[in-house]
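Text of input.txt, listed as compact mmCIF, C-alpha atoms and all ligand atoms:
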# COMPACT_ATOMS: atom_id res chain seq x y z
CA MET A 1 -86.02 120.79 -130.81
CA ASN A 2 -83.32 118.38 -131.95
CA SER A 3 -80.62 121.02 -132.13
CA MET A 4 -78.76 120.48 -128.91
CA LYS A 5 -78.69 116.70 -129.09
CA ARG A 6 -75.28 115.16 -129.52
CA ILE A 7 -75.39 111.82 -131.33
CA VAL A 8 -72.21 109.76 -131.47
CA LEU A 9 -71.75 107.56 -134.52
CA LEU A 10 -69.45 104.83 -133.24
CA SER A 11 -67.47 103.06 -135.95
CA ALA A 12 -67.05 99.77 -134.11
CA THR A 13 -63.80 98.47 -135.60
CA ASP A 14 -60.11 99.39 -135.62
CA ARG A 15 -59.65 98.10 -139.19
CA PRO A 16 -58.10 100.84 -141.36
CA SER A 17 -60.28 101.98 -144.29
CA SER A 18 -63.29 100.15 -142.90
CA LYS A 19 -66.77 100.23 -144.37
CA ALA A 20 -67.97 101.04 -140.85
CA LEU A 21 -66.16 104.38 -140.93
CA GLU A 22 -67.45 105.09 -144.44
CA ILE A 23 -71.01 104.40 -143.26
CA ALA A 24 -70.44 106.67 -140.25
CA GLY A 25 -69.55 109.47 -142.70
CA TYR A 26 -72.76 108.91 -144.64
CA LEU A 27 -74.81 108.81 -141.42
CA LYS A 28 -73.23 112.06 -140.25
CA LYS A 29 -74.62 113.93 -143.28
CA LYS A 30 -78.02 112.34 -142.76
CA PHE A 31 -78.19 113.10 -139.04
CA GLU A 32 -77.20 116.73 -139.72
CA GLN A 33 -80.38 117.00 -141.78
CA THR A 34 -82.42 116.07 -138.70
CA GLY A 35 -81.02 119.06 -136.78
CA THR A 36 -79.00 116.95 -134.35
CA SER A 37 -75.29 117.33 -133.76
CA PRO A 38 -73.65 114.08 -134.94
CA GLU A 39 -70.03 113.24 -134.16
CA ILE A 40 -68.02 110.30 -135.46
CA VAL A 41 -65.95 108.32 -132.97
CA SER A 42 -63.83 105.50 -134.40
CA LEU A 43 -62.44 102.56 -132.43
CA GLU A 44 -59.32 103.03 -134.59
CA GLU A 45 -58.56 105.82 -132.09
CA TYR A 46 -59.03 103.57 -129.03
CA PRO A 47 -55.83 103.56 -126.90
CA LEU A 48 -55.58 99.77 -126.97
CA GLU A 49 -51.90 99.63 -125.98
CA LEU A 50 -52.76 101.28 -122.64
CA VAL A 51 -55.09 98.46 -121.57
CA ALA A 52 -52.86 95.58 -122.74
CA GLY A 53 -51.99 93.20 -119.96
CA GLY A 54 -55.28 93.58 -118.07
CA ARG A 55 -55.51 97.08 -116.59
CA TYR A 56 -59.07 96.64 -115.25
CA GLY A 57 -59.88 99.19 -112.57
CA ALA A 58 -56.74 101.26 -113.29
CA ASP A 59 -57.05 105.02 -113.70
CA ILE A 60 -56.00 105.58 -117.32
CA PRO A 61 -56.80 109.18 -118.39
CA GLU A 62 -56.64 108.46 -122.14
CA VAL A 63 -59.13 105.60 -121.78
CA ALA A 64 -61.41 107.71 -119.58
CA ALA A 65 -61.30 110.54 -122.14
CA PHE A 66 -62.18 108.17 -125.00
CA ASN A 67 -65.00 106.62 -122.98
CA GLU A 68 -66.46 110.00 -122.08
CA ARG A 69 -66.69 111.06 -125.73
CA VAL A 70 -69.09 108.15 -126.20
CA ILE A 71 -71.03 107.85 -122.96
CA ASN A 72 -71.63 111.59 -122.54
CA ALA A 73 -73.60 111.60 -125.81
CA ASP A 74 -77.39 111.97 -125.84
CA GLY A 75 -77.55 108.89 -128.07
CA VAL A 76 -75.12 106.47 -129.73
CA VAL A 77 -75.43 104.68 -133.07
CA PHE A 78 -73.19 101.61 -133.26
CA ILE A 79 -72.01 100.80 -136.79
CA VAL A 80 -71.07 97.18 -136.42
CA PRO A 81 -69.26 94.92 -138.89
CA GLU A 82 -69.45 91.16 -138.59
CA TYR A 83 -66.16 89.47 -137.70
CA ASN A 84 -66.25 85.69 -137.25
CA GLY A 85 -70.00 85.60 -136.80
CA SER A 86 -69.99 88.31 -134.13
CA PHE A 87 -68.89 91.90 -133.52
CA PRO A 88 -65.19 92.96 -133.52
CA GLY A 89 -63.05 92.15 -130.48
CA ILE A 90 -62.00 95.78 -130.05
CA LEU A 91 -65.62 96.65 -129.33
CA LYS A 92 -65.79 94.13 -126.47
CA MET A 93 -62.51 95.52 -125.13
CA PHE A 94 -63.97 99.05 -125.24
CA ILE A 95 -67.09 97.85 -123.37
CA ASP A 96 -65.06 95.91 -120.78
CA TYR A 97 -63.17 99.09 -119.86
CA LEU A 98 -66.26 101.32 -119.53
CA PRO A 99 -67.24 102.49 -116.04
CA PHE A 100 -69.41 99.82 -114.40
CA PRO A 101 -72.36 99.72 -113.92
CA GLU A 102 -73.49 103.16 -115.08
CA ALA A 103 -71.94 103.63 -118.57
CA PHE A 104 -74.94 102.59 -120.72
CA GLN A 105 -77.60 103.05 -118.04
CA ASN A 106 -80.60 104.64 -119.80
CA LEU A 107 -78.47 105.71 -122.75
CA PRO A 108 -80.33 105.55 -126.09
CA LEU A 109 -78.47 103.19 -128.44
CA ALA A 110 -79.21 102.31 -132.08
CA PHE A 111 -77.58 99.68 -134.29
CA VAL A 112 -76.50 99.44 -137.93
CA GLY A 113 -75.00 96.09 -138.94
CA GLU A 114 -72.87 95.66 -142.06
CA ALA A 115 -71.03 92.68 -143.49
CA ALA A 116 -69.40 91.29 -146.59
CA GLY A 117 -71.78 88.33 -146.29
CA ALA A 118 -75.49 87.84 -146.83
CA PHE A 119 -76.66 88.28 -143.25
CA GLY A 120 -75.63 91.92 -142.83
CA ALA A 121 -74.18 91.38 -139.35
CA LEU A 122 -77.48 90.26 -137.83
CA ARG A 123 -75.57 87.92 -135.51
CA ALA A 124 -73.05 90.62 -134.61
CA VAL A 125 -75.79 93.11 -133.69
CA GLU A 126 -77.77 90.55 -131.72
CA HIS A 127 -74.69 89.52 -129.74
CA LEU A 128 -74.01 93.19 -129.01
CA GLN A 129 -77.62 93.78 -127.97
CA GLN A 130 -77.37 90.99 -125.39
CA ILE A 131 -74.51 92.87 -123.76
CA CYS A 132 -76.20 96.27 -124.02
CA GLY A 133 -79.29 94.73 -122.42
CA TYR A 134 -77.18 93.41 -119.57
CA ARG A 135 -75.82 96.95 -119.12
CA ASN A 136 -79.37 98.45 -119.00
CA ALA A 137 -79.12 100.49 -122.19
CA LEU A 138 -82.19 101.94 -123.83
CA MET A 139 -82.15 100.12 -127.16
CA PHE A 140 -83.93 101.67 -130.12
CA PRO A 141 -85.98 99.00 -131.89
CA GLU A 142 -85.38 99.99 -135.54
CA ARG A 143 -82.19 98.20 -136.59
CA VAL A 144 -80.65 98.30 -140.06
CA PHE A 145 -78.59 95.56 -141.69
CA ILE A 146 -76.45 96.18 -144.77
CA GLN A 147 -75.85 92.93 -146.63
CA ARG A 148 -72.92 92.43 -149.01
CA VAL A 149 -71.71 95.85 -148.02
CA ASN A 150 -68.87 96.00 -150.53
CA GLN A 151 -71.31 95.91 -153.45
CA ASN A 152 -74.39 97.46 -151.84
CA PHE A 153 -73.20 100.59 -150.11
CA ASP A 154 -72.10 103.87 -151.67
CA LYS A 155 -70.75 106.67 -149.47
CA ASP A 156 -72.79 109.32 -151.34
CA SER A 157 -76.05 107.55 -152.12
CA GLY A 158 -76.29 105.01 -149.28
CA ILE A 159 -77.64 101.47 -149.61
CA ALA A 160 -78.32 100.27 -153.15
CA ASP A 161 -81.42 98.32 -152.07
CA ALA A 162 -84.24 100.89 -151.93
CA LYS A 163 -86.14 99.16 -149.14
CA ALA A 164 -83.07 98.90 -146.92
CA ASN A 165 -82.29 102.58 -147.58
CA GLU A 166 -85.84 103.47 -146.49
CA PHE A 167 -85.27 101.56 -143.25
CA LEU A 168 -82.07 103.52 -142.73
CA ASP A 169 -83.80 106.89 -143.35
CA SER A 170 -86.59 105.90 -140.98
CA MET A 171 -84.16 104.87 -138.23
CA ILE A 172 -82.25 108.17 -138.55
CA ARG A 173 -85.41 110.29 -138.36
CA ASN A 174 -87.05 108.34 -135.56
CA PHE A 175 -83.91 107.87 -133.47
CA SER A 176 -83.26 111.65 -133.65
CA ASP A 177 -86.78 112.31 -132.35
CA PHE A 178 -86.47 109.57 -129.74
CA VAL A 179 -83.21 110.97 -128.38
CA SER A 180 -84.61 114.51 -128.31
CA GLU A 181 -87.77 113.55 -126.50
CA TYR A 182 -86.15 111.13 -124.13
CA ARG A 183 -83.24 113.37 -123.18
CA HIS A 184 -85.63 116.24 -122.32
CA THR A 185 -86.75 114.40 -119.23
CA GLU A 186 -84.49 114.31 -116.25
CA LEU A 187 -83.92 110.81 -114.95
CA VAL A 188 -84.78 110.09 -111.37
C1 LIG A 201 -61.39 89.44 -138.76
C2 LIG A 201 -62.50 89.51 -139.76
C3 LIG A 201 -63.54 88.60 -139.69
C4 LIG A 201 -64.61 88.67 -140.60
N1 LIG A 201 -65.66 87.80 -140.46
C5 LIG A 201 -66.77 87.96 -141.24
C6 LIG A 201 -67.94 87.18 -141.02
O1 LIG A 201 -68.02 86.37 -140.10
N2 LIG A 201 -69.01 87.38 -141.82
C7 LIG A 201 -68.99 88.30 -142.84
O2 LIG A 201 -69.99 88.45 -143.54
N3 LIG A 201 -67.91 89.06 -143.07
C8 LIG A 201 -66.80 88.93 -142.29
N4 LIG A 201 -65.70 89.73 -142.49
C9 LIG A 201 -65.69 90.68 -143.58
C10 LIG A 201 -66.30 92.03 -143.16
O3 LIG A 201 -67.70 91.90 -143.09
C11 LIG A 201 -65.86 93.04 -144.19
O4 LIG A 201 -64.54 93.44 -143.86
C12 LIG A 201 -66.76 94.23 -144.38
O5 LIG A 201 -66.07 95.18 -145.21
C13 LIG A 201 -67.24 94.94 -143.13
O6 LIG A 201 -66.21 95.22 -142.22
P1 LIG A 201 -65.41 96.61 -142.12
O7 LIG A 201 -66.36 97.63 -141.51
O8 LIG A 201 -64.21 96.29 -141.33
O9 LIG A 201 -65.06 97.05 -143.54
C14 LIG A 201 -64.61 89.66 -141.61
C15 LIG A 201 -63.55 90.59 -141.66
C16 LIG A 201 -62.51 90.54 -140.76
C17 LIG A 201 -61.42 91.57 -140.83
Entire entry expressed as structure tokens:
Amino acid sequence: MNSMKRIVLLSATDRPSSKALEIAGYLKKKFEQTGTSPEIVSLEEYPLELVAGGRYGADIPEVAAFNERVINADGVVFIVPEYNGSFPGILKMFIDYLPFPEAFQNLPLAFVGEAAGAFGALRAVEHLQQICGYRNALMFPERVFIQRVNQNFDKDSGIADAKANEFLDSMIRNFSDFVSEYRHTELV
């Protein structure tokens, strides 16, 4: 039942060798076990130079192609690091160049926060959720926060803290089911 569902794992930073991308790799293996079709998209690949100077409303095929990889998914998991008490600027740039108003309309979104610090990007995810709410996304309620990510996350075994790893497994399972059930129904 989950087999046709395409879930994008969005690594929400352009920082080379980021933990976000490492976590996306771990999530990909986990989502494959739920029978969905996960695909990693990294904001490292975002064509930032083509929007420099304020190209709002311009027809930029490379930006449209990048956007479509994300918004044509059946569900999107944002993997969000905390930068300066919020989410990375490149992610806001990506959102500001999405088609308005429809891009996130009724699109299932889930959130994994991760940070070097003790709060696991709680602030970053909550800031992002404010924006996704404004854009009428369908936000999945189970969020996961990875604290002190440099010590607590391993690309093969996941989060060192057993309870947090259980939350992550639960989110993966339940978000896969949620996407499958929700995306069966045609929207009116
Ligand atoms: C510009 C910048 C700002 C950062 N600000 C914070 C912060 O506010 N809180 C925090 O816990 N970690 C902060 N960090 C550290 C990141 O949490 C750390 O790089 C971690 O590995 C997760 O980010 P990554 O996915 O880029 O690897 C910051 C990192 C950068 C590059």
Need the shell around Leu48 in chain A: protein/DNA/RNA residues with any atom at most 9 Å away, counting only C-alpha atoms. Skip same-chain ones fewer than 3 positions apart. Format as a PyMOL selection string?
chain A and resi 45+51-52+63+90+93-94
Neighbouring residues of range 139-152 of chain A were defined as those with any atom within 6 Å, considering only C-alpha atoms; residues of the same chain fewer than 5 positions away were excluded. Please report them as a list in words.
Pro108, Leu109, Ala110, Phe111, Val112, Gly113, Glu114, Ala115, Ala116, Gly117, Ala118, Phe119, Gly120, Ile159, Ala160 and Met171 of chain A
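Reported to one decimal place, the separation of CA of Phe78 in chain A from CA of Ala24 in chain A is 9.1 Å.
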Atomic separation - CA of Ala20 in chain A relative to atom P1 of ligand LIG 201 (chain A), Å:
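About the pair atom P1 of ligand LIG 201 (chain A) and CA of Ala20 in chain A: they are 5.3 Å apart.
CA of Phe31 in chain A sits 27.0 Å away from atom C15 of ligand LIG 201 (chain A).
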Between A:Arg135, A:Lys29, A:Lys19, A:Lys5, which one has atoms that come closest to Asp169 in chain A, using all atoms listed in the file?
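Closest to Asp169 in chain A, using all atoms listed in the file: A:Lys29.
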Taking all atoms of range 156-161 of chain A that the file lists and extending 8 Å past them on each side, where is the centre of the axis-aligned box and how long are its edges? Answer in Å to one decimal, as JSON.
{"center_x": -77.1, "center_y": 103.8, "center_z": -151.2, "size_x": 24.6, "size_y": 27.0, "size_z": 19.9}
Could you name the residues that touch range 34-44 of chain A at 9 Å or less, counting only C-alpha atoms, but leaving out those on the same chain fewer than 6 positions away, as a compact mmCIF listing (two decimals) with C-alpha atoms, in the coordinates of the input?
# COMPACT_ATOMS: atom_id res chain seq x y z
CA MET A 1 -86.02 120.79 -130.81
CA ASN A 2 -83.32 118.38 -131.95
CA SER A 3 -80.62 121.02 -132.13
CA MET A 4 -78.76 120.48 -128.91
CA LYS A 5 -78.69 116.70 -129.09
CA ARG A 6 -75.28 115.16 -129.52
CA ILE A 7 -75.39 111.82 -131.33
CA VAL A 8 -72.21 109.76 -131.47
CA LEU A 9 -71.75 107.56 -134.52
CA LEU A 10 -69.45 104.83 -133.24
CA SER A 11 -67.47 103.06 -135.95
CA ALA A 12 -67.05 99.77 -134.11
CA THR A 13 -63.80 98.47 -135.60
CA ASP A 14 -60.11 99.39 -135.62
CA ARG A 15 -59.65 98.10 -139.19
CA PRO A 16 -58.10 100.84 -141.36
CA ALA A 20 -67.97 101.04 -140.85
CA LEU A 21 -66.16 104.38 -140.93
CA ALA A 24 -70.44 106.67 -140.25
CA GLY A 25 -69.55 109.47 -142.70
CA LEU A 27 -74.81 108.81 -141.42
CA LYS A 28 -73.23 112.06 -140.25
CA PHE A 66 -62.18 108.17 -125.00
CA ARG A 69 -66.69 111.06 -125.73
CA VAL A 70 -69.09 108.15 -126.20
CA ILE A 90 -62.00 95.78 -130.05
CA LEU A 91 -65.62 96.65 -129.33
CA PHE A 94 -63.97 99.05 -125.24
CA ILE A 172 -82.25 108.17 -138.55
CA ARG A 173 -85.41 110.29 -138.36
CA SER A 176 -83.26 111.65 -133.65
CA ASP A 177 -86.78 112.31 -132.35
CA SER A 180 -84.61 114.51 -128.31
So which one's closest to Ile131 in chain A, A:Gly53, A:Ile95, A:Phe167, A:Ala65? Using only C-alpha atoms, please.
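With only C-alpha atoms as the atom set, the closest residue is A:Ile95.
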List as a PDB file with C-alpha atoms, keeping the file's coordinate frame the protein and nucleic acid residues near Tyr134 in chain A, meaning an atom at most 10 Å away when only C-alpha atoms are counted, but skip any in the same chain fewer than 5 places from it.
ATOM      1  CA  PRO A 101     -72.360  99.720-113.920  1.00  0.00           C
ATOM      2  CA  PHE A 104     -74.940 102.590-120.720  1.00  0.00           C
ATOM      3  CA  GLN A 105     -77.600 103.050-118.040  1.00  0.00           C
ATOM      4  CA  LEU A 128     -74.010  93.190-129.010  1.00  0.00           C
ATOM      5  CA  GLN A 129     -77.620  93.780-127.970  1.00  0.00           C
TER       6      GLN A 129
END
Could you check the closest approach to ligand LIG 201 (chain A) for each of A:Gly158, A:Gly89, A:Pro99, A:Pro81 and tell me which residue wins, using only C-alpha atoms and all ligand atoms?
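Among the listed residues, the smallest separation from ligand LIG 201 (chain A) belongs to A:Pro81.
When only C-alpha atoms and all ligand atoms are used to compute distances to ligand LIG 201 (chain A), the closest of the residues A:Leu122, A:Ile71, A:Leu50, A:Ala58 turns out to be A:Leu122.
If all atoms listed in the file are the atoms counted, then among A:Val179, A:Leu168, A:Leu98, A:Ala103 the closest residue to Arg55 in chain A is A:Leu98.
Nearest residue to Glu181 in chain A among A:Gly57, A:Gly85, A:Gly75, A:Pro47 is A:Gly75, counting only C-alpha atoms.
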